[in-house]
Amino acid sequence: MAIKKFIIRFFVFLLLVVAISYPISFYISTHFHTFNKQSWILKLENNTYDYAIIGSSRATNMIDVNIIDSICNSEGINLGTSGSSYVENYLILNHFLETNTIRKLLLNIDEFSLNAGESVRGYSFHYYEFLPLFSKVQYKKIYKDNMPKWKYYLWDILPISKYIEYNNNFNLSSQDYGLLNQNKGSELRNDKLEMNELAYKKRHTIINTKDVKYLNLILKLCSDKKIEVIFITTPIFSKTKQENSNNAHQYIDSLAKSQHISWYTFNDVFDYTNKIYFKNETHTNIEGSKLYSKALATQLIPQLKK
Amino acid sequence: MTFNSIDFALFLPIIFALYWFVFNKNLSLQNMLIVVSSYVFYGWWDYRFLILIFFSTLVDFSIGLALTNTEKTKNRKILLWTSLAINLCLLGFFKYYNFFIDNFITAFSFIGHPIGAQSLNIILPVGISFYTFQTMSYTIDIYKRKIEATKDPIAFAAFVSFFPQLVAGPIERASNLLPQFYKFRKFESSKAVDGLRQILWGLFKKVVVADTCAGYVNSIFADYTHHTGSTLIVGAVLFSFQIYGDFSGYSDIAIGTSRLFGFNLKQNFAFPYFSRDIAEFWRRWHISLSTWFRDYVYFPLGGSRVGKWLNIRNIFIIFIVSGFWHGANWTFIIWGAINAIYFLPLLLNNKNRKHLEVSSQGKFLPSLREFMMMLVTFGFVVLAWVFFRSANIYHAFHYLNLLFSKSLFTIPTIRPSILLIFIGVMMATEWFAREGKHGLENIHIYLSIFPRYLFYLFLTFCILFYQNFHGAKDFIYFQF
């Protein structure tokens with residue numbers, strides 16, 4: 001029958017496409033790059049640092065490693081990535097520690113990071129930022145835990161599908177990582193955003209079990225690698241501070257005490273009531289970030305000074 | 001849903017399977033399936049506007065039947081004008097209401113008598129210009145006794161809403177498409193395979209060429225005052241390829257999809273950028289619209305069988321109306337008028353039907369003379385497209401003013417090298433295919449099976465890697 005023959009021919013062509021996709025997929029995974037901080041971190045190899053900072057934009061945008069290093073005479077790296085949760089932080093740290101070593105981990109922790117599932121960007125794991133890692137056995141569990149199941153199996157069976165779906169993120173040309181290298185991963189920003197206090201009113205009241213799960217995995221990883229963890233909470237504009245954020249603060253306090261972790265919050269060292277240091281409610285501007293980094297460095301001197 | 005979306009990639013095989021495996025024994029059920037699937041296809045955007053298609057279908061089906069049963073000329077005229085008035089009112093309200101109101105407000109303010117009218121926040125229903133023109137042509141053809149009115153409401157509804165060409169054409173005539181709904185359709189493998197080839201080619205033109213051009217074009221036109229003349233010419237040329245890739249790509253996918261269901265739609269583009277003069281260009285660009293205006297506006301006005309001045313008037317009318325059909329903006333009207341001006345010297349010298357055959361027919365490459373003619377025609381077309389693309393008349397003139405400045409002879413600041421390769425692939429493929437109906441129709445003649453399949457695979461992977469799966473770009477002509 002003509003139609004059956006037609007369908008068979010069509011499927012043969014599809015099979016051909018699928019067969020050819022495997023070598024193409026391998027080529028892409030080795031030659032193409034994303035243009036973001038995550039790809040910069042994935043390329044870091046064989047380095048030794050006194051400390052690494054990890055967290056979301058509240059870590060990468062608000063902590064200037066150069067300032068801390070100049071005050072503490074240390075060598076650090078900022079592994080924070082915008083919009084990330086502990087899931088992503090765990091993936092990054094895991095991969096980073098495969099070839100790099102650190103003595104201490106400054107982990108940003110606050111009411112936002114304990115409930116990243118409700119983050120402004122609406123998702124807690126940007127799985128497309130780490131596509132080359134998907135094929136590695138040790139990371140598959142993280143992917144499976146954090147993405148739609150159908151998509152996980154599709155990516156697993158047909159590796160090219162992930163590159164096709166996120167083709168806009170990948171480029172052949174190389175990226176200039178000069179600024180990230182120069183700033184040791186810190187990305188201080190001075191965008192002029194309007195303060196929108198209402199946008200944050202209804203959050204920070206829940207402690208998300210998935211975020212706690214990956215926070216514990218980070219702590220376990222550090223414990224296994226004998227890395228000392230230090231909790232830090234970067235500044236939040238005063239009016240944004242929620243009454244219910246006490247839940248999170250109580251949780252952090254008890255966790256820090258039970259695991260013998262030092263916790264440095266901004267409250268005592270930073271003027272969080274002054275609007276001129278903020279670009280929005282949850283991020284300082286360059287001036288605020290530099291000021292806070294100095295204050296944080298002063299807090300950390302006993303911990304970091306060699 | 002759009003042709004370049006995951007939704008359509010799932011929708012098409014489902015309808016195909018139902019059409020050929022479930023409803024293949026019953027013609028009425030097949031037609032019914034086409035109507036339902038077409039309404040689903042259209043409703044994917046905004047189901048509220050299905051009522052407009054249904055209403056337009058109902059009006060022209062009823063008036064068609066009434067025309068068949070009416071012999072008195074006066075009554076027939078009333079019926080015809082009722083249909084035209086309803087269709088044009090729908091089009092006028094949704095597409096042109098704000099344009100006229102805004103222009104009245106401006107005009108009255110200018111003469112010192114401000115009026116209190118207000119423009120409305122009207123959403124333009126996708127494809128309204130296409131299906132209203134299709135239904136109008138049906139009624140006009142019955143009135144002129146060129147065709148018989150159909151008594152089959154399902155076949156007529158399928159003719160009006162046929163999903164492959166519903167939102168951006170080709171604008172079909174009842175004489176071509178409607179009889180195909182009456183005939184039992186047998187699956188033809190060769191036709192379906194060629195349909196798939198045409199879909200592949202259309203997707204390549206849309207996704208790889210047009211959408212990639214769009215990125216450059218949008219950034220250049222949005223910030224044209226900060227670019228050199230040479231960069232502005234790059235922007236204008238890329239827009240020419242964008243609109244061609246976008247619209248002819250859509251037409252290819254529409255025609256190819258129809259062929260999968262056993263239908264033959266009219267060719268809408270016949271490789272217009274290989275035209276040797278502007279008259280040939282207009283015989284090859286958006287053929288279904290050009291012939292619509294020719295048959296229903298130009299000929300009734302007297303066409304070329306009137307005096308020279310009336311003929312010139314008629315030419316200006318169809319070009320300006322054609323421009324206005326594209327959108328409620330003076331830029332489209334000026335674009336139409338410019339094309340009429342381009343056309344004029346050919347008309348006055350009786351050379352407007354000089355190039356009826358394909359460029360360099362039977363030859364591998366064009367002669368230098370033909371090549372230069374194509375290049376000059378393309379240059380004129382590119383300049384006119386600046387009006388089509390610009391936000392308003394002032395921007396268009398300003399753009400051209402900056403384009404023809406000293407900086408025209410500098411190196412462009414935007415050099416889309418990979419895109420130029422894709423444009424080269426598109427143009428070279430179409431050059432070799434120019435005697436056929438689409439870019440891949442005769443590919444088996446000049447490529448043996450192995451390189452041919454390599455080429456198909458190349459196109460497939462290009463499409464996959466250039467398609468934006470998180471927000472597919474609409475086709476430009478959806479807005480018209």
# chains A, B, ... in the order shown; residues from 1 in each chain; ligands from 1
$ residues_around --residues "region 222-237 of chain B" --least-positions-apart "6" --cutoff "9 Å" --atoms "only C-alpha atoms" --output "CSV table (one decimal) with N, CA and C atoms, in the first residue's frame"
chain,number,residue,atom,x,y,z
B,213,CYS,N,17.7,36.3,9.8
B,213,CYS,CA,17.7,37.7,9.3
B,213,CYS,C,17.0,38.6,10.2
B,216,TYR,N,19.1,40.4,12.9
B,216,TYR,CA,19.9,41.6,12.4
B,216,TYR,C,19.0,42.7,12.0
B,379,GLY,N,17.6,45.6,-6.5
B,379,GLY,CA,18.0,46.8,-5.8
B,379,GLY,C,16.8,47.7,-5.6
B,382,VAL,N,14.5,46.2,-3.0
B,382,VAL,CA,15.1,46.4,-1.6
B,382,VAL,C,14.8,47.8,-1.1
B,383,LEU,N,14.9,48.8,-2.0
B,383,LEU,CA,14.6,50.2,-1.5
B,383,LEU,C,13.2,50.4,-1.1
B,385,TRP,N,11.3,48.0,0.0
B,385,TRP,CA,11.0,47.3,1.3
B,385,TRP,C,11.3,48.1,2.5
B,386,VAL,N,12.2,49.1,2.3
B,386,VAL,CA,12.5,50.0,3.5
B,386,VAL,C,11.2,50.6,4.0
B,389,ARG,N,9.1,48.0,5.9
B,389,ARG,CA,9.6,47.6,7.2
B,389,ARG,C,9.6,48.8,8.2
B,395,HIS,N,10.5,57.7,9.4
B,395,HIS,CA,11.6,56.8,9.6
B,395,HIS,C,12.1,56.2,8.2
B,398,HIS,N,14.1,58.9,6.5
B,398,HIS,CA,15.3,59.2,7.2
B,398,HIS,C,16.3,58.0,7.0
B,399,TYR,N,15.8,56.8,7.1
B,399,TYR,CA,16.6,55.6,6.8
B,399,TYR,C,17.3,55.7,5.5
B,400,LEU,N,16.5,56.0,4.5
B,400,LEU,CA,17.1,56.1,3.1
B,400,LEU,C,18.1,57.3,3.0
B,401,ASN,N,17.8,58.3,3.7
B,401,ASN,CA,18.7,59.5,3.7
B,401,ASN,C,20.0,59.1,4.3
B,402,LEU,N,20.0,58.4,5.4
B,402,LEU,CA,21.2,58.0,6.0
B,402,LEU,C,21.9,56.9,5.2
B,403,LEU,N,21.1,56.1,4.6
B,403,LEU,CA,21.7,55.0,3.7
B,403,LEU,C,22.6,55.6,2.6
B,404,PHE,N,22.0,56.6,1.9
B,404,PHE,CA,22.7,57.3,0.8
B,404,PHE,C,23.6,58.4,1.3
B,405,SER,N,24.4,58.1,2.3
B,405,SER,CA,25.4,59.1,2.8
B,405,SER,C,26.8,58.6,2.5
B,406,LYS,N,27.8,59.4,2.9
B,406,LYS,CA,29.2,59.0,2.6
B,406,LYS,C,29.5,57.6,3.2
B,407,SER,N,28.9,57.3,4.3
B,407,SER,CA,29.3,56.1,5.0
B,407,SER,C,28.8,54.8,4.3
B,408,LEU,N,28.1,55.1,3.2
B,408,LEU,CA,27.6,53.9,2.3
B,408,LEU,C,28.9,53.2,1.8
B,409,PHE,N,30.0,53.9,1.7
B,409,PHE,CA,31.2,53.3,1.1
B,409,PHE,C,32.2,52.8,2.2
B,410,THR,N,31.7,52.6,3.4
B,410,THR,CA,32.6,52.1,4.4
B,410,THR,C,32.2,50.6,4.6
B,411,ILE,N,33.0,49.9,5.4
B,411,ILE,CA,32.7,48.5,5.7
B,411,ILE,C,31.6,48.4,6.7
B,412,PRO,N,30.6,47.6,6.4
B,412,PRO,CA,29.4,47.5,7.4
B,412,PRO,C,29.9,47.0,8.7
B,413,THR,N,29.3,47.6,9.8
B,413,THR,CA,29.6,47.2,11.1
B,413,THR,C,29.0,45.8,11.5
B,414,ILE,N,28.0,45.5,10.8
B,414,ILE,CA,27.3,44.2,11.0
B,414,ILE,C,27.6,43.3,9.8
B,415,ARG,N,28.3,42.2,10.0
B,415,ARG,CA,28.7,41.3,8.9
B,415,ARG,C,28.2,39.8,9.3
$ residues_around --residues "region 50-66 of chain A" --least-positions-apart "4" --cutoff "8 Å" --atoms "only C-alpha atoms" --output "number ranges by chain"
A: 70, 74-86, 89, 102-109, 113, 183-189, 234, 282-286, 288-290, 292-293, 304
$ closest_atom_pairs --of "chain B" --to "chain A" --cutoff "7 Å" --atoms "only C-alpha atoms" --output "JSON lines"
{"residue": "B:Phe187", "atom": "CA", "partner": "A:Ile3", "partner_atom": "CA", "distance": 6.5}
{"residue": "B:Glu188", "atom": "CA", "partner": "A:Ala2", "partner_atom": "CA", "distance": 6.8}
{"residue": "B:Ser189", "atom": "CA", "partner": "A:Ala2", "partner_atom": "CA", "distance": 5.6}
{"residue": "B:Leu457", "atom": "CA", "partner": "A:Val17", "partner_atom": "CA", "distance": 6.7}
{"residue": "B:Leu464", "atom": "CA", "partner": "A:Ile164", "partner_atom": "CA", "distance": 6.0}
{"residue": "B:Phe465", "atom": "CA", "partner": "A:Ile164", "partner_atom": "CA", "distance": 5.4}
{"residue": "B:Tyr466", "atom": "CA", "partner": "A:Asn167", "partner_atom": "CA", "distance": 6.9}
{"residue": "B:Phe469", "atom": "CA", "partner": "A:Glu165", "partner_atom": "CA", "distance": 5.7}
$ residues_around --residues "Ala210 (chain B)" --least-positions-apart "4" --cutoff "8 Å" --atoms "only C-alpha atoms" --output "ChimeraX atom specification"
/B:205-206,214,241-246
$ residues_around --residues "region 148-157 of chain A" --least-positions-apart "3" --cutoff "12 Å" --atoms "only C-alpha atoms" --output "PyMOL selection string"
chain A and resi 18-19+21-22+25+125+127-128+131-137+140-145+160-166
$ write_last_selection --atoms "C-alpha atoms" --output "PDB file, in the first residue's frame"
ATOM      1  CA  VAL A  18      18.655  10.017  14.862  1.00  0.00           C
ATOM      2  CA  ALA A  19      21.747   7.957  13.922  1.00  0.00           C
ATOM      3  CA  SER A  21      22.607  12.980  15.747  1.00  0.00           C
ATOM      4  CA  TYR A  22      24.868  10.947  18.076  1.00  0.00           C
ATOM      5  CA  SER A  25      25.860  15.612  19.799  1.00  0.00           C
ATOM      6  CA  PHE A 125      17.419  24.561  38.671  1.00  0.00           C
ATOM      7  CA  TYR A 127      19.406  22.458  34.022  1.00  0.00           C
ATOM      8  CA  TYR A 128      20.130  23.763  30.527  1.00  0.00           C
ATOM      9  CA  LEU A 131      24.143  20.362  29.440  1.00  0.00           C
ATOM     10  CA  PRO A 132      27.599  18.814  28.993  1.00  0.00           C
ATOM     11  CA  LEU A 133      27.379  17.441  32.552  1.00  0.00           C
ATOM     12  CA  PHE A 134      24.162  15.570  31.823  1.00  0.00           C
ATOM     13  CA  SER A 135      25.983  12.608  30.310  1.00  0.00           C
ATOM     14  CA  LYS A 136      28.101  12.104  33.458  1.00  0.00           C
ATOM     15  CA  VAL A 137      26.781   9.361  35.695  1.00  0.00           C
ATOM     16  CA  LYS A 140      22.276  12.156  36.375  1.00  0.00           C
ATOM     17  CA  LYS A 141      20.522  11.751  39.713  1.00  0.00           C
ATOM     18  CA  ILE A 142      20.452  15.517  40.200  1.00  0.00           C
ATOM     19  CA  TYR A 143      18.905  15.983  36.771  1.00  0.00           C
ATOM     20  CA  LYS A 144      16.379  13.222  37.296  1.00  0.00           C
ATOM     21  CA  ASP A 145      15.367  14.770  40.591  1.00  0.00           C
ATOM     22  CA  ILE A 160      21.095  15.834  20.761  1.00  0.00           C
ATOM     23  CA  SER A 161      17.584  16.807  21.861  1.00  0.00           C
ATOM     24  CA  LYS A 162      18.952  18.862  24.763  1.00  0.00           C
ATOM     25  CA  TYR A 163      21.236  20.861  22.486  1.00  0.00           C
ATOM     26  CA  ILE A 164      18.427  21.339  19.987  1.00  0.00           C
ATOM     27  CA  GLU A 165      16.027  22.572  22.636  1.00  0.00           C
ATOM     28  CA  TYR A 166      18.531  25.050  23.992  1.00  0.00           C
TER      29      TYR A 166
END
$ select_by_dssp --residues "region 17-230 of chain A" --states "alpha helix (DSSP H)" --output "ChimeraX atom specification"
/A:17-31,37-43,57-60,65-72,86-99,137-146,149-157,160-165,178-182,209-224
$ select_by_dssp --residues "region 32-268 of chain A" --states "strand (DSSP E)" --output "PyMOL selection string"
chain A and resi 33-34+48-54+76-78+101-108+170-171+228-233+262-265
$ residues_around --residues "region 330-336 of chain B" --least-positions-apart "2" --cutoff "7 Å" --atoms "only C-alpha atoms" --output "CSV table (one decimal) with N, CA and C atoms, in the first residue's frame"
chain,number,residue,atom,x,y,z
B,319,PHE,N,-1.9,48.9,-7.1
B,319,PHE,CA,-0.7,48.8,-6.3
B,319,PHE,C,-1.0,49.5,-4.9
B,320,ILE,N,-1.7,50.6,-4.9
B,320,ILE,CA,-2.0,51.2,-3.6
B,320,ILE,C,-2.9,50.4,-2.8
B,322,SER,N,-3.3,47.2,-2.9
B,322,SER,CA,-2.5,46.1,-2.5
B,322,SER,C,-1.6,46.4,-1.3
B,323,GLY,N,-1.0,47.6,-1.4
B,323,GLY,CA,-0.2,48.1,-0.2
B,323,GLY,C,-1.1,48.2,1.0
B,324,PHE,N,-2.3,48.8,0.8
B,324,PHE,CA,-3.2,49.0,2.0
B,324,PHE,C,-3.7,47.7,2.5
B,326,HIS,N,-2.0,45.2,3.0
B,326,HIS,CA,-1.0,44.6,4.0
B,326,HIS,C,-1.1,45.2,5.4
B,327,GLY,N,-1.7,46.4,5.5
B,327,GLY,CA,-1.8,46.9,6.8
B,327,GLY,C,-2.3,48.3,6.9
B,328,ALA,N,-2.8,48.7,8.0
B,328,ALA,CA,-3.3,50.1,8.2
B,328,ALA,C,-2.2,51.0,8.6
B,338,ILE,N,5.2,53.3,-4.6
B,338,ILE,CA,6.5,53.2,-5.2
B,338,ILE,C,6.6,52.1,-6.2
B,339,ASN,N,6.0,51.0,-5.9
B,339,ASN,CA,6.0,49.9,-6.9
B,339,ASN,C,5.2,50.3,-8.2
B,340,ALA,N,4.1,51.1,-8.0
B,340,ALA,CA,3.4,51.5,-9.2
B,340,ALA,C,4.3,52.4,-10.0
B,384,ALA,N,12.3,49.7,-1.9
B,384,ALA,CA,10.9,49.8,-1.6
B,384,ALA,C,10.6,49.1,-0.3
B,387,PHE,N,10.3,51.0,3.1
B,387,PHE,CA,9.0,51.6,3.5
B,387,PHE,C,8.2,50.6,4.2
B,388,PHE,N,8.2,49.4,3.6
B,388,PHE,CA,7.4,48.3,4.2
B,388,PHE,C,7.8,48.0,5.6
B,392,ASN,N,7.3,54.2,10.4
B,392,ASN,CA,6.4,55.3,9.8
B,392,ASN,C,7.2,55.9,8.6
B,393,ILE,N,6.5,56.8,7.9
B,393,ILE,CA,7.0,57.4,6.7
B,393,ILE,C,8.3,58.2,7.0
$ residues_around --residues "Ile6 (chain B)" --least-positions-apart "4" --cutoff "10 Å" --atoms "only C-alpha atoms" --output "MDAnalysis selection string"
chainID B and resid 1:2 10:11 469:470 472
$ closest_residue --among "B:Ser275, B:Ser109, B:Ser248, B:Asn31" --to "Gly439 (chain B)" --atoms "only C-alpha atoms"
B:Ser248
$ residues_around --residues "Ile236 (chain A)" --least-positions-apart "4" --cutoff "12 Å" --atoms "only C-alpha atoms" --output "PyMOL selection string"
chain A and resi 58+62+110-112+197+200+240-242+245+265-267+270-275+277-285+288-289+292
$ write_last_selection --atoms "N, CA and C atoms" --output "mmCIF file, in the first residue's frame"
data_model
loop_
_atom_site.group_PDB
_atom_site.id
_atom_site.type_symbol
_atom_site.label_atom_id
_atom_site.label_comp_id
_atom_site.auth_asym_id
_atom_site.auth_seq_id
_atom_site.Cartn_x
_atom_site.Cartn_y
_atom_site.Cartn_z
ATOM 1 N N ARG A 58 22.734 36.837 45.049
ATOM 2 C CA ARG A 58 23.049 37.530 46.297
ATOM 3 C C ARG A 58 24.471 37.207 46.758
ATOM 4 N N MET A 62 27.066 40.514 45.131
ATOM 5 C CA MET A 62 27.200 41.343 46.337
ATOM 6 C C MET A 62 28.515 41.148 47.093
ATOM 7 N N ASP A 110 19.909 32.263 53.497
ATOM 8 C CA ASP A 110 18.921 33.237 53.958
ATOM 9 C C ASP A 110 17.518 32.713 53.652
ATOM 10 N N GLU A 111 16.520 33.544 53.903
ATOM 11 C CA GLU A 111 15.145 33.102 53.664
ATOM 12 C C GLU A 111 14.850 32.833 52.186
ATOM 13 N N PHE A 112 15.629 33.458 51.323
ATOM 14 C CA PHE A 112 15.408 33.236 49.881
ATOM 15 C C PHE A 112 15.995 31.892 49.447
ATOM 16 N N GLU A 197 9.063 46.984 46.797
ATOM 17 C CA GLU A 197 9.008 46.256 48.054
ATOM 18 C C GLU A 197 7.881 45.219 48.103
ATOM 19 N N TYR A 200 8.142 41.326 47.177
ATOM 20 C CA TYR A 200 8.747 40.331 48.058
ATOM 21 C C TYR A 200 7.921 40.065 49.314
ATOM 22 N N THR A 240 12.328 45.296 53.446
ATOM 23 C CA THR A 240 11.977 44.019 52.838
ATOM 24 C C THR A 240 11.954 42.902 53.872
ATOM 25 N N LYS A 241 12.646 43.125 54.945
ATOM 26 C CA LYS A 241 12.750 42.053 55.936
ATOM 27 C C LYS A 241 11.359 41.671 56.436
ATOM 28 N N GLN A 242 11.086 40.422 56.352
ATOM 29 C CA GLN A 242 9.748 39.939 56.683
ATOM 30 C C GLN A 242 9.659 39.510 58.136
ATOM 31 N N SER A 245 10.303 35.926 58.288
ATOM 32 C CA SER A 245 11.635 35.425 57.966
ATOM 33 C C SER A 245 12.308 34.875 59.216
ATOM 34 N N THR A 265 25.960 37.288 59.702
ATOM 35 C CA THR A 265 24.901 38.005 58.986
ATOM 36 C C THR A 265 25.327 39.470 58.828
ATOM 37 N N PHE A 266 24.663 40.140 57.961
ATOM 38 C CA PHE A 266 24.995 41.537 57.646
ATOM 39 C C PHE A 266 24.490 42.509 58.710
ATOM 40 N N ASN A 267 23.530 42.070 59.499
ATOM 41 C CA ASN A 267 22.832 42.978 60.414
ATOM 42 C C ASN A 267 23.753 43.859 61.245
ATOM 43 N N PHE A 270 26.487 46.206 58.567
ATOM 44 C CA PHE A 270 26.125 46.926 57.343
ATOM 45 C C PHE A 270 24.876 47.777 57.564
ATOM 46 N N ASP A 271 24.910 49.000 56.990
ATOM 47 C CA ASP A 271 23.762 49.890 57.142
ATOM 48 C C ASP A 271 22.689 49.509 56.108
ATOM 49 N N TYR A 272 21.876 48.543 56.491
ATOM 50 C CA TYR A 272 20.897 48.015 55.540
ATOM 51 C C TYR A 272 19.643 48.870 55.452
ATOM 52 N N THR A 273 19.648 49.983 56.172
ATOM 53 C CA THR A 273 18.464 50.852 56.102
ATOM 54 C C THR A 273 18.666 51.981 55.094
ATOM 55 N N ASN A 274 19.883 52.083 54.584
ATOM 56 C CA ASN A 274 20.183 53.186 53.676
ATOM 57 C C ASN A 274 19.983 52.767 52.212
ATOM 58 N N LYS A 275 19.001 53.390 51.602
ATOM 59 C CA LYS A 275 18.599 53.025 50.234
ATOM 60 C C LYS A 275 19.731 53.213 49.216
ATOM 61 N N TYR A 277 22.626 52.293 49.100
ATOM 62 C CA TYR A 277 23.521 51.146 48.905
ATOM 63 C C TYR A 277 22.856 50.001 48.136
ATOM 64 N N PHE A 278 21.607 50.186 47.760
ATOM 65 C CA PHE A 278 20.877 49.076 47.124
ATOM 66 C C PHE A 278 20.467 49.407 45.695
ATOM 67 N N LYS A 279 20.479 48.360 44.862
ATOM 68 C CA LYS A 279 19.905 48.538 43.518
ATOM 69 C C LYS A 279 18.477 48.018 43.515
ATOM 70 N N ASN A 280 18.168 47.089 44.397
ATOM 71 C CA ASN A 280 16.778 46.719 44.676
ATOM 72 C C ASN A 280 16.723 46.130 46.079
ATOM 73 N N GLU A 281 15.597 45.590 46.441
ATOM 74 C CA GLU A 281 15.400 45.187 47.841
ATOM 75 C C GLU A 281 16.357 44.105 48.312
ATOM 76 N N THR A 282 16.787 43.262 47.377
ATOM 77 C CA THR A 282 17.577 42.107 47.800
ATOM 78 C C THR A 282 18.993 42.107 47.223
ATOM 79 N N HIS A 283 19.369 43.191 46.571
ATOM 80 C CA HIS A 283 20.718 43.272 46.004
ATOM 81 C C HIS A 283 21.306 44.656 46.249
ATOM 82 N N THR A 284 22.537 44.664 46.690
ATOM 83 C CA THR A 284 23.238 45.940 46.843
ATOM 84 C C THR A 284 23.770 46.391 45.489
ATOM 85 N N ASN A 285 24.006 47.686 45.355
ATOM 86 C CA ASN A 285 24.671 48.175 44.148
ATOM 87 C C ASN A 285 26.188 48.079 44.349
ATOM 88 N N GLY A 288 27.369 49.595 47.583
ATOM 89 C CA GLY A 288 26.932 48.786 48.723
ATOM 90 C C GLY A 288 27.696 47.472 48.801
ATOM 91 N N SER A 289 27.925 46.858 47.633
ATOM 92 C CA SER A 289 28.626 45.569 47.601
ATOM 93 C C SER A 289 30.054 45.720 48.103
ATOM 94 N N TYR A 292 29.909 46.285 51.816
ATOM 95 C CA TYR A 292 29.579 45.046 52.528
ATOM 96 C C TYR A 292 30.754 44.070 52.486
#
$ atom_distance --atom1 "CA of Gln467 (chain B)" --atom2 "CA of Thr212 (chain B)"
9.6 Å
